[in-house]
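One structure is given below, encoded as structure tokens.
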Amino acid sequence: DTVCRGDVYTNYGLTLSGNETLFEEDQIFEIHLTGMNGCDSLVVLTLTTQAKPMASIQVEGDFCEHNTAQLQLISEGILTDIVWNTGETSNSILVNSAGVYSVTAVQDHCKLSQQYTIELCPTQIYVPNAITISTPEGNNDYFSIYSNHPESIRGFEMYIYDRWGELVFYTQDVSFRWRPNEMNLRVINTMLVYVMKYIDENNQSVVKKGTITVL
């Protein structure tokens with residue numbers, strides 16, 4: 001009979017376990033069986049070791065850029081009985097969160113397993129340097145920020161000061177949208193200063209400062 005390298009052999013009602021399951025080379029087993037009438041029998045089992053097919057997980061797409069990527073199980077042969085740890089049973093899956101993704105399959109009667117880790121991307125925050133409240137066309141009327149992982153931002157604070165150093169806006173909401181004229185400020189064609197504080201995914205305190213040109 002034939003067994004794949006490293007697999008457990010369970011044919012003919014037998015279960016070969018322990019070191020015998022390694023099957024790094026062809027092996028011959030002598031198995032003693034005792035019948036119901038107490039008679040002993042000797043079964044000689046010759047196992048030919050078959051090398052396992054090669055398989056790998058291919059990644060398509062930049063997860064950190066698009067917050068999604070496709071994982072595909074690749075092999076030169078035909079794969080059957082595919083099962084991912086997400087429960088999906090196709091050759092490829094679409095993932096949108098960091099974590100460890102594993103898959104099992106069968107090829108040429110051999111069991112295969114692979115895994116791939118999607119690392120958590122560094123938190124990035126984009127802060128615009130200008131807004132245009134004098135021409136409210138709807139594209140750039142509010143001051144707000146964008147983050148690829150807003151859920152990982154903790155302890156967020158945003159301070160905005162006018163040219164004289166007076167605090168004109170403060171929030172702890174990372175999803176804020178602020179329009180200066182909501183505070184009756186005469187700030188068109190001027191510059192404001194912001195100070196942004198938060199704790200990132202590595203539990204590090206971050207302070208960023210910059211300016212906002214209001215047109």
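FYI, nothing fancy with the structure tokens labels: chains A, B, ... in order, residues from 1 per chain, ligands from 1 as they appear.
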
**Q.** Distance query A:Ser75 at most 10 Å, only C-alpha atoms, self and fewer than 4 positions along chain excluded, as a PyMOL selection string
**A.** chain A and resi 53-57+79+107

Could you save the residues just selected, with C-alpha atoms, as an mmCIF file, in the first residue's frame?
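Resulting contents of result-v9.cif:
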data_model
loop_
_atom_site.group_PDB
_atom_site.id
_atom_site.type_symbol
_atom_site.label_atom_id
_atom_site.label_comp_id
_atom_site.auth_asym_id
_atom_site.auth_seq_id
_atom_site.Cartn_x
_atom_site.Cartn_y
_atom_site.Cartn_z
ATOM 1 C CA PRO A 53 2.993 17.441 -3.129
ATOM 2 C CA MET A 54 4.115 21.029 -2.710
ATOM 3 C CA ALA A 55 1.545 23.733 -2.027
ATOM 4 C CA SER A 56 1.760 27.380 -1.003
ATOM 5 C CA ILE A 57 -0.442 30.375 -0.258
ATOM 6 C CA LEU A 79 -6.701 20.040 -4.879
ATOM 7 C CA GLN A 107 -3.928 16.092 -3.366
#

Q: Can you pull out every residue within 9 Å of A:Ser134, counting only C-alpha atoms, but drop anything in the same chain fewer than 2 positions away, and send it as a list of chain:residue names?
A: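 Listed by chain and then number, they are A:Ile131, A:Thr132, A:Pro136, A:Asp141, A:Ile188, A:Asn189, A:Val214, A:Leu215.
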
So that I have them on file, write out the residues from the current selection with N, CA, C and O atoms, as a PDB file, in the first residue's frame.
ATOM      1  N   ILE A 131      -8.426  73.875   3.938  1.00  0.00           N
ATOM      2  CA  ILE A 131      -9.848  73.685   3.666  1.00  0.00           C
ATOM      3  C   ILE A 131     -10.365  74.940   2.975  1.00  0.00           C
ATOM      4  O   ILE A 131      -9.780  76.023   3.103  1.00  0.00           O
ATOM      5  N   THR A 132     -11.473  74.816   2.249  1.00  0.00           N
ATOM      6  CA  THR A 132     -11.989  75.936   1.443  1.00  0.00           C
ATOM      7  C   THR A 132     -13.432  76.215   1.832  1.00  0.00           C
ATOM      8  O   THR A 132     -14.365  75.796   1.139  1.00  0.00           O
ATOM      9  N   PRO A 136     -18.208  76.714  -0.732  1.00  0.00           N
ATOM     10  CA  PRO A 136     -18.751  75.449  -0.198  1.00  0.00           C
ATOM     11  C   PRO A 136     -19.337  74.542  -1.277  1.00  0.00           C
ATOM     12  O   PRO A 136     -20.547  74.455  -1.439  1.00  0.00           O
ATOM     13  N   ASP A 141     -15.029  71.317   2.570  1.00  0.00           N
ATOM     14  CA  ASP A 141     -15.621  72.368   3.394  1.00  0.00           C
ATOM     15  C   ASP A 141     -15.351  72.185   4.874  1.00  0.00           C
ATOM     16  O   ASP A 141     -15.525  73.125   5.652  1.00  0.00           O
ATOM     17  N   ILE A 188     -11.274  83.260   7.220  1.00  0.00           N
ATOM     18  CA  ILE A 188     -11.003  83.036   5.800  1.00  0.00           C
ATOM     19  C   ILE A 188      -9.690  83.721   5.423  1.00  0.00           C
ATOM     20  O   ILE A 188      -9.394  84.834   5.865  1.00  0.00           O
ATOM     21  N   ASN A 189      -8.918  83.018   4.600  1.00  0.00           N
ATOM     22  CA  ASN A 189      -7.603  83.499   4.167  1.00  0.00           C
ATOM     23  C   ASN A 189      -6.657  83.706   5.357  1.00  0.00           C
ATOM     24  O   ASN A 189      -5.957  84.717   5.453  1.00  0.00           O
ATOM     25  N   VAL A 214      -6.978  78.184   5.793  1.00  0.00           N
ATOM     26  CA  VAL A 214      -8.422  78.323   5.562  1.00  0.00           C
ATOM     27  C   VAL A 214      -8.626  79.322   4.436  1.00  0.00           C
ATOM     28  O   VAL A 214      -8.238  80.485   4.552  1.00  0.00           O
ATOM     29  N   LEU A 215      -9.216  78.838   3.346  1.00  0.00           N
ATOM     30  CA  LEU A 215      -9.430  79.677   2.165  1.00  0.00           C
ATOM     31  C   LEU A 215     -10.909  79.956   1.962  1.00  0.00           C
ATOM     32  O   LEU A 215     -11.764  79.207   2.438  1.00  0.00           O
TER      33      LEU A 215
END

(Q) Need the shell around A:Lys52: protein/DNA/RNA residues with any atom at most 10 Å away, counting only C-alpha atoms. Skip same-chain ones fewer than 5 positions apart. Format as a PyMOL selection string? (A) chain A and resi 3-7+107-112

I need the residues from that last selection saved to file as an mmCIF file, in the first residue's frame (with N, CA and C atoms), if you can.
data_model
loop_
_atom_site.group_PDB
_atom_site.id
_atom_site.type_symbol
_atom_site.label_atom_id
_atom_site.label_comp_id
_atom_site.auth_asym_id
_atom_site.auth_seq_id
_atom_site.Cartn_x
_atom_site.Cartn_y
_atom_site.Cartn_z
ATOM 1 N N VAL A 3 1.470 5.324 1.433
ATOM 2 C CA VAL A 3 1.142 6.306 2.447
ATOM 3 C C VAL A 3 1.958 7.565 2.179
ATOM 4 N N CYS A 4 1.337 8.706 2.442
ATOM 5 C CA CYS A 4 2.048 9.969 2.241
ATOM 6 C C CYS A 4 2.971 10.241 3.422
ATOM 7 N N ARG A 5 4.096 10.834 3.128
ATOM 8 C CA ARG A 5 5.104 11.091 4.153
ATOM 9 C C ARG A 5 4.524 11.961 5.273
ATOM 10 N N GLY A 6 4.646 11.457 6.496
ATOM 11 C CA GLY A 6 4.176 12.199 7.650
ATOM 12 C C GLY A 6 2.725 11.969 8.015
ATOM 13 N N ASP A 7 1.949 11.264 7.174
ATOM 14 C CA ASP A 7 0.541 11.033 7.463
ATOM 15 C C ASP A 7 0.342 9.833 8.385
ATOM 16 N N GLN A 107 -4.406 16.253 -1.989
ATOM 17 C CA GLN A 107 -3.928 16.092 -3.366
ATOM 18 C C GLN A 107 -3.247 14.739 -3.486
ATOM 19 N N ASP A 108 -3.668 13.962 -4.468
ATOM 20 C CA ASP A 108 -3.098 12.616 -4.675
ATOM 21 C C ASP A 108 -3.135 11.799 -3.385
ATOM 22 N N HIS A 109 -4.258 11.887 -2.663
ATOM 23 C CA HIS A 109 -4.483 11.152 -1.415
ATOM 24 C C HIS A 109 -3.601 11.628 -0.264
ATOM 25 N N CYS A 110 -2.872 12.706 -0.459
ATOM 26 C CA CYS A 110 -2.029 13.256 0.601
ATOM 27 C C CYS A 110 -2.702 14.488 1.212
ATOM 28 N N LYS A 111 -2.631 14.604 2.529
ATOM 29 C CA LYS A 111 -3.183 15.749 3.219
ATOM 30 C C LYS A 111 -2.152 16.876 3.254
ATOM 31 N N LEU A 112 -2.597 18.066 2.884
ATOM 32 C CA LEU A 112 -1.722 19.237 2.866
ATOM 33 C C LEU A 112 -2.248 20.280 3.835
#

Q | Residue set, stretch 6-211 of chain A restricted to helix (DSSP H, G or I), as an MDAnalysis selection string | A | chainID A and resid 11:13 18:21 63:66 150:152 180:183
